[in-house]
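Trainee: Input file: work38.cif. Contents: mmCIF, C-alpha atoms (C1' of nucleotides).
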```
data_start
#
loop_
_atom_site.label_atom_id
_atom_site.label_comp_id
_atom_site.auth_asym_id
_atom_site.auth_seq_id
_atom_site.Cartn_x
_atom_site.Cartn_y
_atom_site.Cartn_z
CA MET A 1 250.42 -51.39 135.11
CA ASN A 2 247.61 -51.39 132.62
CA LEU A 3 244.91 -52.95 134.71
CA LEU A 4 241.34 -51.81 134.38
CA ASP A 5 239.39 -50.60 137.34
CA ILE A 6 236.05 -52.30 137.80
CA GLY A 7 234.39 -49.00 137.07
CA GLU A 8 235.88 -48.94 133.62
CA VAL A 9 234.90 -52.51 132.96
CA VAL A 10 231.39 -51.63 134.03
CA GLU A 11 231.29 -48.71 131.70
CA ARG A 12 232.75 -50.47 128.72
CA THR A 13 230.83 -53.71 128.92
CA GLY A 14 227.55 -52.59 130.35
CA ASN A 15 227.69 -55.17 133.12
CA SER A 16 226.94 -53.98 136.62
CA PRO A 17 229.54 -54.30 139.37
CA SER A 18 227.42 -56.90 141.10
CA THR A 19 227.32 -58.94 137.93
CA LEU A 20 231.07 -58.85 137.70
CA ARG A 21 231.36 -59.97 141.30
CA TYR A 22 228.85 -62.70 140.61
CA TYR A 23 230.81 -63.90 137.60
CA GLU A 24 233.88 -63.97 139.74
CA ASP A 25 232.07 -65.96 142.43
CA ILE A 26 231.18 -68.61 139.94
CA ALA A 27 234.68 -68.46 138.50
CA LEU A 28 233.67 -67.30 135.05
CA ILE A 29 236.13 -64.47 135.20
CA SER A 30 238.81 -63.47 137.64
CA SER A 31 240.17 -60.21 138.86
CA ALA A 32 243.84 -59.47 138.74
CA GLY A 33 244.07 -57.73 142.08
CA ARG A 34 242.78 -54.86 144.14
CA LYS A 35 243.45 -51.19 144.50
CA GLY A 36 242.21 -50.58 147.98
CA LEU A 37 239.08 -52.62 147.86
CA ARG A 38 238.36 -52.08 144.21
CA ARG A 39 238.86 -54.94 141.85
CA GLN A 40 241.26 -54.47 138.99
CA TYR A 41 241.05 -56.52 135.86
CA GLU A 42 243.32 -57.49 133.06
CA PRO A 43 242.20 -55.96 129.79
CA ASP A 44 241.40 -59.39 128.40
CA VAL A 45 238.42 -59.51 130.67
CA LEU A 46 236.69 -57.27 128.19
CA LEU A 47 236.95 -59.90 125.53
CA GLN A 48 235.89 -62.58 127.93
CA LEU A 49 232.84 -60.57 128.86
CA ALA A 50 232.02 -59.95 125.23
CA LEU A 51 232.21 -63.65 124.62
CA ILE A 52 230.03 -64.37 127.62
CA ALA A 53 227.45 -61.86 126.46
CA LEU A 54 227.45 -63.35 123.01
CA SER A 55 227.06 -66.85 124.32
CA LYS A 56 224.28 -65.85 126.67
CA SER A 57 222.40 -64.24 123.86
CA ALA A 58 222.78 -67.53 122.06
CA GLY A 59 220.91 -69.21 124.87
CA PHE A 60 223.76 -70.85 126.73
CA THR A 61 223.75 -71.00 130.49
CA LEU A 62 226.68 -69.63 132.43
CA ASP A 63 227.59 -73.18 133.28
CA GLU A 64 227.75 -74.14 129.66
CA ILE A 65 229.77 -71.06 128.90
CA ALA A 66 232.18 -71.92 131.65
CA GLY A 67 232.41 -75.36 130.10
CA MET A 68 233.23 -73.91 126.72
CA PHE A 69 235.65 -71.18 127.66
CA GLY A 70 236.07 -71.20 131.43
CA GLY A 71 239.34 -71.54 133.25
CA LYS A 72 241.96 -69.26 131.82
CA ALA A 73 244.60 -71.87 132.40
CA ARG A 74 242.75 -74.58 130.52
CA PRO A 75 245.65 -76.41 128.97
CA GLU A 76 243.90 -78.31 126.22
CA LEU A 77 240.72 -76.99 124.71
CA PRO A 78 238.01 -79.55 124.18
CA ARG A 79 238.00 -78.96 120.47
CA ALA A 80 235.60 -81.73 119.67
CA GLN A 81 233.14 -80.32 122.15
CA LEU A 82 233.49 -76.87 120.71
CA ARG A 83 232.72 -78.18 117.28
CA HIS A 84 229.76 -79.96 118.74
CA GLN A 85 228.53 -76.70 120.25
CA ALA A 86 229.02 -74.99 116.94
CA ALA A 87 226.86 -77.63 115.34
CA LYS A 88 224.20 -77.14 117.99
CA ILE A 89 224.20 -73.46 117.27
CA ASP A 90 223.71 -74.23 113.65
CA VAL A 91 220.62 -76.19 114.52
CA GLN A 92 219.47 -73.28 116.60
CA ILE A 93 220.01 -70.96 113.68
CA ARG A 94 217.83 -73.10 111.51
CA ARG A 95 215.16 -73.16 114.16
CA LEU A 96 215.25 -69.42 114.40
CA GLY A 97 214.95 -69.17 110.66
CA GLU A 98 211.82 -71.25 110.92
CA LEU A 99 210.42 -69.04 113.61
CA ARG A 100 211.23 -65.91 111.69
CA ASP A 101 209.48 -67.30 108.65
CA THR A 102 206.56 -68.28 110.79
CA LEU A 103 206.27 -64.80 112.20
CA GLN A 104 206.66 -63.20 108.81
CA HIS A 105 204.00 -65.46 107.52
CA VAL A 106 201.60 -64.77 110.33
CA ALA A 107 202.14 -61.08 109.77
CA ASP A 108 201.37 -61.39 106.07
CA CYS A 109 198.69 -64.02 106.15
CA PRO A 110 195.11 -62.92 105.67
CA ALA A 111 193.61 -65.80 107.67
CA PRO A 112 191.66 -64.48 110.66
CA THR A 113 193.38 -66.72 113.19
CA HIS A 114 196.88 -67.90 112.49
CA LEU A 115 195.85 -71.40 113.40
CA ASP A 116 193.50 -71.30 110.44
CA CYS A 117 196.28 -70.77 108.01
CA LYS A 118 197.43 -73.83 106.11
CA SER A 119 201.06 -73.05 105.62
CA PHE A 120 201.32 -71.90 109.18
CA ARG A 121 200.09 -75.25 110.36
CA ARG A 122 202.47 -76.99 108.05
CA LEU A 123 205.37 -75.08 109.54
CA LEU A 124 204.55 -76.33 112.97
CA THR A 125 203.31 -79.83 112.46
CA ALA A 126 206.79 -81.13 111.84
CA SER A 127 207.74 -81.21 115.49
CA LEU A 128 204.79 -83.31 116.60
CA LYS A 129 204.82 -87.01 117.24
CA PRO A 130 202.07 -88.65 115.23
CA GLY A 131 199.05 -89.47 117.30
CA SER A 132 197.80 -93.03 117.34
CA LYS A 133 194.32 -91.76 116.68
CA SER A 134 193.34 -89.87 113.56
CA ALA A 135 194.20 -86.23 113.32
CA MET B 1 184.04 -85.26 120.08
CA ASN B 2 187.66 -85.33 119.06
CA LEU B 3 189.22 -83.80 122.08
CA LEU B 4 192.64 -84.89 123.24
CA ASP B 5 193.22 -86.19 126.71
CA ILE B 6 196.03 -84.45 128.56
CA GLY B 7 197.91 -87.74 128.50
CA GLU B 8 197.99 -87.69 124.76
CA VAL B 9 199.08 -84.09 124.65
CA VAL B 10 201.85 -84.96 127.07
CA GLU B 11 202.98 -87.82 124.91
CA ARG B 12 202.86 -85.97 121.64
CA THR B 13 204.43 -82.70 122.71
CA GLY B 14 206.85 -83.85 125.35
CA ASN B 15 205.52 -81.34 127.86
CA SER B 16 204.80 -82.62 131.34
CA PRO B 17 201.27 -82.42 132.77
CA SER B 18 202.42 -79.87 135.29
CA THR B 19 203.78 -77.71 132.51
CA LEU B 20 200.46 -77.85 130.71
CA ARG B 21 198.68 -76.87 133.90
CA TYR B 22 201.14 -74.07 134.39
CA TYR B 23 200.60 -72.80 130.87
CA GLU B 24 196.91 -72.84 131.54
CA ASP B 25 197.39 -70.94 134.79
CA ILE B 26 199.16 -68.19 132.96
CA ALA B 27 196.58 -68.31 130.17
CA LEU B 28 198.99 -69.34 127.48
CA ILE B 29 196.75 -72.21 126.49
CA SER B 30 193.31 -73.32 127.56
CA SER B 31 191.64 -76.65 128.02
CA ALA B 32 188.35 -77.41 126.37
CA GLY B 33 186.83 -79.28 129.29
CA ARG B 34 187.25 -82.22 131.59
CA LYS B 35 186.55 -85.91 131.52
CA GLY B 36 186.25 -86.71 135.15
CA LEU B 37 189.08 -84.60 136.44
CA ARG B 38 191.28 -84.97 133.42
CA ARG B 39 191.75 -82.02 131.16
CA GLN B 40 190.74 -82.41 127.54
CA TYR B 41 192.17 -80.24 124.83
CA GLU B 42 191.25 -79.19 121.36
CA PRO B 43 193.69 -80.62 118.81
CA ASP B 44 194.91 -77.15 117.97
CA VAL B 45 196.67 -77.05 121.28
CA LEU B 46 199.34 -79.21 119.69
CA LEU B 47 200.15 -76.49 117.22
CA GLN B 48 200.05 -73.88 119.91
CA LEU B 49 202.48 -75.88 121.99
CA ALA B 50 204.75 -76.40 119.03
CA LEU B 51 204.76 -72.68 118.48
CA ILE B 52 205.46 -72.04 122.11
CA ALA B 53 208.34 -74.49 122.11
CA LEU B 54 209.77 -72.93 119.01
CA SER B 55 209.50 -69.45 120.41
CA LYS B 56 211.04 -70.49 123.69
CA SER B 57 213.96 -72.02 121.90
CA ALA B 58 214.34 -68.70 120.18
CA GLY B 59 214.81 -67.08 123.54
CA PHE B 60 211.42 -65.51 124.09
CA THR B 61 209.85 -65.45 127.51
CA LEU B 62 206.41 -66.89 128.01
CA ASP B 63 205.16 -63.37 128.47
CA GLU B 64 206.51 -62.30 125.15
CA ILE B 65 205.06 -65.37 123.53
CA ALA B 66 201.69 -64.61 125.03
CA GLY B 67 202.09 -61.14 123.60
CA MET B 68 202.80 -62.48 120.16
CA PHE B 69 200.25 -65.26 119.93
CA GLY B 70 198.26 -65.33 123.13
CA GLY B 71 194.52 -65.01 123.37
CA LYS B 72 192.81 -67.27 120.89
CA ALA B 73 190.17 -64.67 120.24
CA ARG B 74 192.64 -61.91 119.42
CA PRO B 75 190.71 -60.05 116.76
CA GLU B 76 193.46 -58.10 115.10
CA LEU B 77 196.98 -59.40 115.05
CA PRO B 78 199.66 -56.84 115.77
CA ARG B 79 201.23 -57.39 112.39
CA ALA B 80 203.73 -54.61 112.70
CA GLN B 81 204.90 -56.04 115.98
CA LEU B 82 205.24 -59.48 114.50
CA ARG B 83 207.38 -58.14 111.73
CA HIS B 84 209.43 -56.34 114.31
CA GLN B 85 209.93 -59.60 116.18
CA ALA B 86 210.88 -61.30 112.95
CA ALA B 87 213.50 -58.63 112.40
CA LYS B 88 214.81 -59.12 115.92
CA ILE B 89 215.14 -62.80 115.28
CA ASP B 90 217.10 -62.01 112.20
CA VAL B 91 219.54 -60.06 114.29
CA GLN B 92 219.72 -62.96 116.67
CA ILE B 93 220.45 -65.28 113.78
CA ARG B 94 223.35 -63.14 112.72
CA ARG B 95 224.65 -63.10 116.26
CA LEU B 96 224.47 -66.82 116.42
CA GLY B 97 226.31 -67.06 113.17
CA GLU B 98 229.05 -65.01 114.75
CA LEU B 99 229.17 -67.24 117.77
CA ARG B 100 229.23 -70.37 115.67
CA ASP B 101 232.11 -68.97 113.65
CA THR B 102 233.86 -68.02 116.84
CA LEU B 103 233.51 -71.51 118.20
CA GLN B 104 234.59 -73.09 114.97
CA HIS B 105 237.55 -70.83 114.93
CA VAL B 106 238.53 -71.55 118.49
CA ALA B 107 238.27 -75.23 117.73
CA ASP B 108 240.52 -74.91 114.72
CA CYS B 109 242.91 -72.29 115.96
CA PRO B 110 246.37 -73.41 116.99
CA ALA B 111 246.88 -70.57 119.48
CA PRO B 112 247.37 -71.95 122.99
CA THR B 113 244.74 -69.74 124.58
CA HIS B 114 241.88 -68.51 122.47
CA LEU B 115 242.44 -65.02 123.78
CA ASP B 116 245.81 -65.12 122.09
CA CYS B 117 244.32 -65.56 118.70
CA LYS B 118 244.07 -62.48 116.55
CA SER B 119 240.99 -63.21 114.55
CA PHE B 120 239.26 -64.40 117.66
CA ARG B 121 239.91 -61.09 119.30
CA ARG B 122 238.73 -59.28 116.25
CA LEU B 123 235.44 -61.15 116.34
CA LEU B 124 234.74 -59.96 119.82
CA THR B 125 236.12 -56.47 119.94
CA ALA B 126 233.24 -55.10 117.95
CA SER B 127 230.85 -55.05 120.87
CA LEU B 128 233.06 -53.04 123.19
CA LYS B 129 232.83 -49.35 123.89
CA PRO B 130 236.18 -47.71 123.29
CA GLY B 131 238.06 -46.97 126.47
CA SER B 132 239.14 -43.42 127.15
CA LYS B 133 242.60 -44.70 128.01
CA SER B 134 244.80 -46.52 125.58
CA ALA B 135 244.16 -50.17 124.96
"C1'" DT C 1 183.94 -104.63 143.70
"C1'" DC C 2 188.36 -103.19 144.37
"C1'" DT C 3 192.76 -101.74 143.01
"C1'" DT C 4 195.71 -99.08 140.37
"C1'" DG C 5 197.66 -95.51 137.69
"C1'" DA C 6 197.32 -91.21 136.03
"C1'" DC C 7 195.43 -87.32 136.77
"C1'" DC C 8 193.71 -83.48 140.20
"C1'" DT C 9 194.60 -79.05 143.61
"C1'" DC C 10 197.31 -76.02 146.19
"C1'" DA C 11 201.28 -74.56 148.41
"C1'" DA C 12 205.89 -74.64 148.63
"C1'" DG C 13 210.41 -75.64 146.75
"C1'" DT C 14 214.10 -75.20 142.98
"C1'" DT C 15 217.39 -73.31 139.63
"C1'" DG C 16 219.65 -69.74 137.15
"C1'" DA C 17 221.10 -65.26 137.04
"C1'" DC C 18 221.31 -61.66 139.19
"C1'" DT C 19 219.91 -57.47 142.40
"C1'" DT C 20 219.24 -55.24 146.77
"C1'" DG C 21 220.23 -53.73 151.44
"C1'" DA C 22 222.86 -52.76 155.48
"C1'" DA C 23 226.92 -51.76 157.31
"C1'" DT C 24 231.78 -50.73 155.96
"C1'" DT C 25 236.12 -49.00 153.64
"C1'" DC C 26 238.73 -46.73 150.53
"C1'" DG C 27 241.07 -42.89 147.51
"C1'" DT C 28 240.54 -38.52 145.74
"C1'" DA C 29 238.83 -33.64 145.44
"C1'" DG C 30 238.43 -29.71 148.13
"C1'" DC D 1 242.02 -33.62 156.93
"C1'" DT D 2 237.59 -34.51 156.00
"C1'" DA D 3 233.74 -35.54 153.27
"C1'" DC D 4 231.99 -37.92 149.30
"C1'" DG D 5 231.16 -41.25 145.90
"C1'" DA D 6 231.83 -45.58 144.52
"C1'" DA D 7 233.20 -49.91 145.62
"C1'" DT D 8 233.30 -53.82 149.32
"C1'" DT D 9 231.08 -58.11 151.94
"C1'" DC D 10 227.43 -61.15 153.01
"C1'" DA D 11 222.89 -62.53 153.39
"C1'" DA D 12 218.70 -62.31 151.61
"C1'" DG D 13 215.43 -61.19 148.00
"C1'" DT D 14 213.52 -61.51 143.11
"C1'" DC D 15 211.84 -63.29 138.75
"C1'" DA D 16 210.86 -66.78 135.37
"C1'" DA D 17 209.59 -71.22 134.57
"C1'" DC D 18 208.73 -74.96 136.29
"C1'" DT D 19 208.76 -79.23 139.63
"C1'" DT D 20 207.63 -81.57 143.83
"C1'" DG D 21 204.86 -83.15 147.63
"C1'" DA D 22 200.83 -84.20 150.27
"C1'" DG D 23 196.47 -85.62 150.08
"C1'" DG D 24 192.46 -86.57 146.98
"C1'" DT D 25 189.58 -88.45 142.89
"C1'" DC D 26 188.31 -90.80 139.15
"C1'" DA D 27 187.51 -94.85 135.31
"C1'" DA D 28 188.93 -98.94 133.61
"C1'" DG D 29 190.47 -103.52 134.07
"C1'" DA D 30 191.20 -108.11 136.96
#
```
Here is a file; write its structure as structure tokens.
Mentor:
Amino acid sequence: MNLLDIGEVVERTGNSPSTLRYYEDIALISSAGRKGLRRQYEPDVLLQLALIALSKSAGFTLDEIAGMFGGKARPELPRAQLRHQAAKIDVQIRRLGELRDTLQHVADCPAPTHLDCKSFRRLLTASLKPGSKSA
Amino acid sequence: MNLLDIGEVVERTGNSPSTLRYYEDIALISSAGRKGLRRQYEPDVLLQLALIALSKSAGFTLDEIAGMFGGKARPELPRAQLRHQAAKIDVQIRRLGELRDTLQHVADCPAPTHLDCKSFRRLLTASLKPGSKSA
DNA sequence: TCTTGACCTCAAGTTGACTTGAATTCGTAG
DNA sequence: CTACGAATTCAAGTCAACTTGAGGTCAAGA
């Protein structure tokens, strides 16, 4: 059999054993069996964990991730929902672009306080609801 | 004076009063005074909060945000550090692009389980340390 | 004047994502 | 065969980022 010992999974993914157990508790991954007490995993778990890591770094909660990819035996993928998530990520990407530009700008701007800088203010003012009173 | 009542800040930023108080507790923002008991803020707080929201959505902790922008009176911005952060965000953007593509792909892919799909696997395998044993 | 609604303080509770600790059990190297 | 290292369970702890609750205070309108 070509199962992976938990130790190998730990080493290759960088997750700690307790994290793997935790993920199993919440049914994000599953182990294929035991050798003695030690969990053994199917090699695919490596990909699953990579996907989980990627999604986490994208700001998704484990619940959301489970919703996107959870349940190995999921018969019919919620394709529409996946596309929706992809679109949300696109929004996120644009937001990050904004933030990156903002940071770049703050780093380059000669204004003493960033709040004094015009284009910095412009970058941020978008997200605000207009006040009823004058600005 | 043109100070903003906390109620207005709440309405215009979407933060709850308790959040504003919390941010003040941890010195992320400051209030300019009180009217009766009610906190009053300088209008700039709106920009600060927009920046905080943006940064949070980018995955930064409040601590990190405080590190980047905290302390109104910060005399010398850590420009190098800001550029570094900007670069990190760029990495994050690329990662998100990957995830978006992955999701798109999974949504479009005819393979019954996403783990069965070749290009899906290829997208993920990058992040894994090579195993000493055969794959 | 009196009521009401939105704020106040302070402590404690919540959620997500794990980690830590104590007591235990394997499988392998010696 | 025995000791060791690494994994096991289960409960409890931790950290960030807030929210909630109890009890209190104000300022504006009927």
Trainee: Go through chain C residue by residue and, counting all atoms listed in the file, keep those with an atom at most 10 Å from range 38-56 of chain B; for each kept residue give the shortest atom pair and its distance in Å to one decimal, ordered by chain and increasing number, as JSON lines.
Mentor:
```
{"residue": "C:DA6", "atom": "C1'", "partner": "B:Arg38", "partner_atom": "CA", "distance": 9.1}
{"residue": "C:DC7", "atom": "C1'", "partner": "B:Arg38", "partner_atom": "CA", "distance": 5.8}
{"residue": "C:DC8", "atom": "C1'", "partner": "B:Arg38", "partner_atom": "CA", "distance": 7.4}
```
Trainee: Which residues of chain D are close to chain A, meaning at most 12 Å apart when you count only C-alpha atoms (C1' of nucleotides), and how do they look as number ranges by chain?
Mentor: D: 6-9
Trainee: Leaving out His105 in chain A and any residue of its chain fewer than 2 positions from it, which residues lie within 10 Å of it when counting all atoms listed in the file, given as a list in words?
Mentor: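 Close residues of His105 in chain A: Leu99, Arg100, Asp101, Thr102, Leu103, Ala107, Asp108, Cys109, Pro110, His114, Cys117, Ser119, Phe120 and Leu123 of chain A; Arg79, Leu82, Arg83 and Ala86 of chain B.
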Trainee: Considering all atoms listed in the file, state which residue in the set B:Ser30, B:Thr19, B:Gln85, B:Gln104 is at the smallest distance from DA17 in chain D.
Mentor: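 Smallest separation from DA17 in chain D among the options: B:Thr19.
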Trainee: Which residue out of A:Leu128, A:Leu62, A:Ile29, A:Leu4 has the minimum interatomic distance to chain C when only C-alpha atoms (C1' of nucleotides) are used?
Mentor: A:Leu62
Trainee: Tell me the residues of chain C close to chain A, meaning within 9 Å using all atoms listed in the file, as a VMD selection string.
Mentor: chain C and resid 16 to 19 25 to 27
Trainee: For the residues in the current selection, export C-alpha atoms (C1' of nucleotides) as a PDB file, in the coordinates of the input.
Mentor:
```
ATOM      1  C1'  DG C  16     219.650 -69.740 137.150  1.00  0.00           C
ATOM      2  C1'  DA C  17     221.100 -65.260 137.040  1.00  0.00           C
ATOM      3  C1'  DC C  18     221.310 -61.660 139.190  1.00  0.00           C
ATOM      4  C1'  DT C  19     219.910 -57.470 142.400  1.00  0.00           C
ATOM      5  C1'  DT C  25     236.120 -49.000 153.640  1.00  0.00           C
ATOM      6  C1'  DC C  26     238.730 -46.730 150.530  1.00  0.00           C
ATOM      7  C1'  DG C  27     241.070 -42.890 147.510  1.00  0.00           C
TER       8       DG C  27
END
```
Trainee: Could I get chain B fitted onto chain A (least squares, all C-alpha atoms, in order) as a CSV table (one decimal) with C-alpha atoms, in the coordinates of the input?
Mentor:
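The result, written out as out-v7.csv:
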```
chain,number,residue,atom,x,y,z
B,1,MET,CA,250.4,-51.4,135.1
B,2,ASN,CA,247.5,-51.3,132.7
B,3,LEU,CA,244.8,-52.8,134.7
B,4,LEU,CA,241.2,-51.7,134.4
B,5,ASP,CA,239.2,-50.5,137.3
B,6,ILE,CA,235.9,-52.3,137.7
B,7,GLY,CA,234.2,-49.0,137.0
B,8,GLU,CA,235.7,-48.9,133.5
B,9,VAL,CA,234.8,-52.5,132.9
B,10,VAL,CA,231.3,-51.7,133.9
B,11,GLU,CA,231.1,-48.8,131.6
B,12,ARG,CA,232.6,-50.6,128.6
B,13,THR,CA,230.8,-53.9,128.9
B,14,GLY,CA,227.5,-52.7,130.2
B,15,ASN,CA,227.6,-55.3,133.0
B,16,SER,CA,226.8,-54.1,136.5
B,17,PRO,CA,229.4,-54.3,139.3
B,18,SER,CA,227.3,-56.9,141.0
B,19,THR,CA,227.2,-59.0,137.9
B,20,LEU,CA,231.0,-58.9,137.7
B,21,ARG,CA,231.3,-59.9,141.3
B,22,TYR,CA,228.8,-62.7,140.6
B,23,TYR,CA,230.8,-63.9,137.7
B,24,GLU,CA,233.9,-63.9,139.8
B,25,ASP,CA,232.1,-65.9,142.5
B,26,ILE,CA,231.3,-68.6,140.1
B,27,ALA,CA,234.8,-68.4,138.6
B,28,LEU,CA,233.7,-67.3,135.2
B,29,ILE,CA,236.2,-64.5,135.3
B,30,SER,CA,238.8,-63.4,137.7
B,31,SER,CA,240.1,-60.1,138.9
B,32,ALA,CA,243.8,-59.3,138.8
B,33,GLY,CA,244.0,-57.5,142.2
B,34,ARG,CA,242.6,-54.6,144.1
B,35,LYS,CA,243.2,-50.9,144.4
B,36,GLY,CA,242.0,-50.2,147.9
B,37,LEU,CA,238.9,-52.3,147.8
B,38,ARG,CA,238.2,-51.9,144.2
B,39,ARG,CA,238.7,-54.8,141.8
B,40,GLN,CA,241.1,-54.3,139.0
B,41,TYR,CA,241.0,-56.4,135.9
B,42,GLU,CA,243.3,-57.4,133.1
B,43,PRO,CA,242.2,-55.9,129.8
B,44,ASP,CA,241.4,-59.4,128.5
B,45,VAL,CA,238.4,-59.5,130.7
B,46,LEU,CA,236.7,-57.3,128.2
B,47,LEU,CA,237.0,-60.0,125.6
B,48,GLN,CA,235.9,-62.6,128.0
B,49,LEU,CA,232.9,-60.7,128.9
B,50,ALA,CA,232.0,-60.1,125.3
B,51,LEU,CA,232.3,-63.8,124.7
B,52,ILE,CA,230.1,-64.5,127.7
B,53,ALA,CA,227.5,-62.0,126.5
B,54,LEU,CA,227.5,-63.5,123.0
B,55,SER,CA,227.2,-67.0,124.4
B,56,LYS,CA,224.4,-66.0,126.7
B,57,SER,CA,222.5,-64.5,123.9
B,58,ALA,CA,222.9,-67.7,122.1
B,59,GLY,CA,221.0,-69.4,124.9
B,60,PHE,CA,223.9,-71.0,126.8
B,61,THR,CA,223.9,-71.2,130.6
B,62,LEU,CA,226.8,-69.7,132.5
B,63,ASP,CA,227.7,-73.3,133.4
B,64,GLU,CA,227.9,-74.3,129.8
B,65,ILE,CA,229.9,-71.2,129.0
B,66,ALA,CA,232.3,-72.0,131.7
B,67,GLY,CA,232.6,-75.4,130.2
B,68,MET,CA,233.4,-74.0,126.8
B,69,PHE,CA,235.8,-71.3,127.7
B,70,GLY,CA,236.2,-71.3,131.5
B,71,GLY,CA,239.5,-71.6,133.3
B,72,LYS,CA,242.1,-69.3,131.8
B,73,ALA,CA,244.8,-71.9,132.3
B,74,ARG,CA,242.9,-74.6,130.4
B,75,PRO,CA,245.8,-76.5,128.8
B,76,GLU,CA,244.0,-78.4,126.1
B,77,LEU,CA,240.8,-77.0,124.6
B,78,PRO,CA,238.1,-79.6,124.0
B,79,ARG,CA,238.1,-79.0,120.3
B,80,ALA,CA,235.7,-81.7,119.5
B,81,GLN,CA,233.2,-80.4,122.0
B,82,LEU,CA,233.6,-76.9,120.6
B,83,ARG,CA,232.8,-78.2,117.2
B,84,HIS,CA,229.8,-80.0,118.6
B,85,GLN,CA,228.6,-76.8,120.1
B,86,ALA,CA,229.1,-75.0,116.8
B,87,ALA,CA,227.0,-77.7,115.2
B,88,LYS,CA,224.3,-77.2,117.8
B,89,ILE,CA,224.2,-73.5,117.2
B,90,ASP,CA,223.8,-74.3,113.6
B,91,VAL,CA,220.7,-76.2,114.4
B,92,GLN,CA,219.5,-73.4,116.5
B,93,ILE,CA,220.1,-71.0,113.6
B,94,ARG,CA,217.9,-73.1,111.4
B,95,ARG,CA,215.2,-73.2,114.1
B,96,LEU,CA,215.3,-69.5,114.4
B,97,GLY,CA,215.0,-69.2,110.6
B,98,GLU,CA,211.9,-71.2,110.9
B,99,LEU,CA,210.5,-69.1,113.6
B,100,ARG,CA,211.3,-65.9,111.7
B,101,ASP,CA,209.5,-67.2,108.7
B,102,THR,CA,206.6,-68.2,110.8
B,103,LEU,CA,206.3,-64.8,112.3
B,104,GLN,CA,206.7,-63.1,108.9
B,105,HIS,CA,204.1,-65.4,107.6
B,106,VAL,CA,201.7,-64.7,110.4
B,107,ALA,CA,202.2,-61.0,109.9
B,108,ASP,CA,201.4,-61.3,106.2
B,109,CYS,CA,198.8,-63.9,106.3
B,110,PRO,CA,195.2,-62.8,105.8
B,111,ALA,CA,193.7,-65.6,107.8
B,112,PRO,CA,191.7,-64.3,110.8
B,113,THR,CA,193.5,-66.6,113.3
B,114,HIS,CA,197.0,-67.8,112.5
B,115,LEU,CA,195.9,-71.3,113.4
B,116,ASP,CA,193.6,-71.2,110.5
B,117,CYS,CA,196.3,-70.7,108.0
B,118,LYS,CA,197.5,-73.7,106.1
B,119,SER,CA,201.1,-72.9,105.6
B,120,PHE,CA,201.4,-71.8,109.2
B,121,ARG,CA,200.1,-75.2,110.3
B,122,ARG,CA,202.5,-76.9,108.0
B,123,LEU,CA,205.4,-75.1,109.5
B,124,LEU,CA,204.6,-76.3,113.0
B,125,THR,CA,203.3,-79.8,112.4
B,126,ALA,CA,206.7,-81.2,111.8
B,127,SER,CA,207.7,-81.3,115.5
B,128,LEU,CA,204.7,-83.3,116.6
B,129,LYS,CA,204.6,-87.0,117.2
B,130,PRO,CA,201.8,-88.6,115.3
B,131,GLY,CA,198.8,-89.4,117.3
B,132,SER,CA,197.5,-93.0,117.4
B,133,LYS,CA,194.0,-91.7,116.8
B,134,SER,CA,193.0,-89.8,113.7
B,135,ALA,CA,193.9,-86.2,113.5
```
Trainee: Give me the residues within 12 Å of DT9 in chain C as a ChimeraX atom specification, counting all atoms listed in the file and dropping any in the same chain fewer than 5 places off.
Mentor: /B:18,21,37 /D:21-25
Trainee: Hey, which of B:Asp90, B:Asp5, B:Asp25, B:Glu64 ends up closest to chain A? Count all atoms listed in the file.
Mentor: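 For chain A, the nearest of the given residues is B:Asp90.
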Trainee: Neighbouring residues of Arg12 in chain B were defined as those with any atom within 9 Å, considering only C-alpha atoms (C1' of nucleotides); residues of the same chain fewer than 2 positions away were excluded. Please report them as a ChimeraX atom specification.
Mentor: /A:128-131 /B:7-10,14-15,46
Trainee: Report the distance between CA of Glu24 in chain A and CA of Met68 in chain A in Å, rounded to one decimal place.
Mentor: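 Distance reported for this atom pair: 16.4 Å.
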Trainee: So, counting only C-alpha atoms, which residue among B:Leu20, B:Ile26, B:Ser31, B:Thr13 is closest to chain A?
Mentor: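 Counting only C-alpha atoms, the residue closest to chain A is B:Thr13.
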Trainee: Considering only C-alpha atoms, can you say which of B:Ala27, B:Leu124, B:Ala32, B:Val91 comes closest to chain A?
Mentor: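 Nearest to chain A: B:Leu124.
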